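Visitor: This structure is in structure tokens; I'll ask about it shortly.
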Amino acid sequence: MLFTDTYLTIRKTSESTFRDRASRFIGLAIPVTTEAEMKQELERVRKKYFDATHHCYAFRLGFDKSAFRFSDDGEPSGTAGRPIFGQIQSKDLTNVLLVVVRYYGGTKLGVSGLINAYRTAAKDALEANTIVEKTVNDLYEVDFDYAQMNDVMHLLKEEQLTQHSHTFDTHCSIRFSVRKLNSARVSDMFASLKNVNLKFLETF
């Protein structure tokens with residue numbers, strides 16, 4: 001495999017507050033799974049803290065950590081988004097959005113002060129959360145005639161596969177997921193059944 005079949009993410013939304021020379025930094029760690037969800041959550045934060053000076057953020061998505069981005073949102077380049085993203089990297093997280101909202105207090109903090117403030121607010125938000133390990137899974141759809149119902153259901157139960165949806169009629173269909181580590185073996189087991197067609201849908 002090109003990647004492990006587990007990854008680390010956060011359990012819930014968490015918050016922190018950091019102050020430096022009258023500036024207030026609010027850190028928010030938010031679990032997200034898609035870029036659309038990330039944009040929705042970021043917009044929600046911007047609306048809630050509409051009067052803030054800056055809404056700096058970083059995110060990383062996907063079990064392979066392939067989608068990521070960070071933004072300084074008007075702060076000097078490299079002083080906000082990158083330190084926030086560094087906290088995601090340091091804990092090897094994915095499917096997470098980290099936002100640090102700043103209310104300017106009237107005193108400039110300088111480059112090092114800004115880096116420390118954004119890094120600390122992001123770090124504290126993550127430390128207020130719970131890091132969990134999740135598995136990478138493959139989603140399949142199995143199609144079969146009603147006569148094969150017992151064989152298919154026996155295999156699903158024996159392998160403790162998670163069912164997501166089903167259609168039971170003269171012709172039947174079930175969508176299920178299996179941990180990536182066991183995917184090839186389970187696929188071979190379904191392939192050994194007569195009059196059963198297995199189709200791979202996606203990895204998530």
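Letters A, B, ... mark the chains of the structure tokens in the order given; residue numbers begin at 1 per chain; ligand numbers begin at 1, in order shown.
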Skipping near chain neighbours, those fewer than 3 positions away, what residues fall within 9 Å of Ser187 of chain A using only C-alpha atoms, listed as a list in words?
Guide: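 The contact residues come out as Tyr140, Asn182, Ser183, Ala184, Phe190, Ala191, Ser192, Leu198 and Phe200 of chain A.
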Visitor: Could you write out that same residue set with C-alpha atoms as a compact mmCIF listing (two decimals), in the first residue's frame?
Guide:
# COMPACT_ATOMS: atom_id res chain seq x y z
CA TYR A 140 -18.28 -1.50 -2.28
CA ASN A 182 -8.86 -6.28 4.75
CA SER A 183 -10.23 -5.02 1.44
CA ALA A 184 -8.40 -7.34 -0.99
CA PHE A 190 -17.09 -12.17 -2.71
CA ALA A 191 -15.51 -13.05 -6.07
CA SER A 192 -15.67 -16.73 -5.08
CA LEU A 198 -18.89 -6.80 -6.59
CA PHE A 200 -15.59 -0.92 -5.88
Visitor: Taking 3 positions as the minimum chain separation for residues in the same chain, which residues sit within 7 Å of Asn95 of chain A when counting only C-alpha atoms? Answer as JSON, numbers by chain.
Guide: {"A": [9, 31, 32, 33, 60, 61, 62]}
Visitor: What's the 8 Å shell around Ser173 of chain A, counting only C-alpha atoms, without same-chain residues fewer than 6 positions away, as a list in words?
Guide: Glu141, Val142, Asp143, Phe144, His166 and Thr167 of chain A
Visitor: Now that the selection is made, can you save its residues with N, CA and C atoms as a short mmCIF file (atom, residue, chain, number, x, y, z; two decimals), in the first residue's frame?
Guide:
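Result saved to result.cif:
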data_model
loop_
_atom_site.label_atom_id
_atom_site.label_comp_id
_atom_site.auth_asym_id
_atom_site.auth_seq_id
_atom_site.Cartn_x
_atom_site.Cartn_y
_atom_site.Cartn_z
N GLU A 141 -20.21 -2.01 -3.61
CA GLU A 141 -21.61 -2.37 -3.85
C GLU A 141 -21.64 -3.79 -4.39
N VAL A 142 -22.41 -4.65 -3.74
CA VAL A 142 -22.53 -6.03 -4.19
C VAL A 142 -23.95 -6.24 -4.74
N ASP A 143 -24.03 -6.76 -5.96
CA ASP A 143 -25.31 -7.05 -6.62
C ASP A 143 -25.47 -8.56 -6.74
N PHE A 144 -26.68 -9.05 -6.47
CA PHE A 144 -26.90 -10.50 -6.49
C PHE A 144 -28.39 -10.80 -6.61
N HIS A 166 -29.27 -0.83 1.33
CA HIS A 166 -29.60 -2.08 0.66
C HIS A 166 -30.92 -1.98 -0.09
N THR A 167 -31.06 -2.83 -1.09
CA THR A 167 -32.30 -3.00 -1.85
C THR A 167 -32.54 -4.49 -1.97
#
Visitor: Please provide the set of residues having any atom within 8 Å of segment 41-57 of chain A, restricted to only C-alpha atoms, with same-chain residues fewer than 2 positions apart removed, written as a list of chain:residue names.
Guide: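 In the requested format, the answer is A:Ile30, A:Glu37, A:Met38, A:Lys39, A:Phe59, A:Phe70, A:Ser71, A:Asp72, A:Asp73, A:Gly74, A:Glu75, A:Ala80, A:Gly81, A:Ile84, A:Phe85, A:Leu97, A:Leu98, A:Val99, A:Val100, A:Val101, A:Arg102, A:Tyr103, A:Tyr104.
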Visitor: If you measure from atom CA of Phe63 of chain A to atom CA of Ala121 of chain A, what distance in Å do you get, rounded to one decimal?
Guide: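 Separation between atom CA of Phe63 of chain A and atom CA of Ala121 of chain A: 25.2 Å.
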Visitor: Using DSSP assignments from the backbone, pull out every residue in chain A that falls under strand (DSSP E or B) and give it to me as an MDAnalysis selection string.
Guide: chainID A and resid 6:10 14:20 23:31 54:61 67:71 93 96:103 131:135 137:145 162:167 171:179 196:203
Visitor: Closest to Arg11 of chain A among A:Asn195, A:Glu133, A:Lys108, A:Gln40, using only C-alpha atoms?
Guide: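 Looking only at the distances to Arg11 of chain A, the closest residue turns out to be A:Glu133.
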Visitor: Restricting the calculation to only C-alpha atoms: of A:Gln163, A:Arg24, A:Val96, A:Lys65, which residue gets closest to Thr4 of chain A?
Guide: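 Selected residue with least distance to Thr4 of chain A: A:Lys65.
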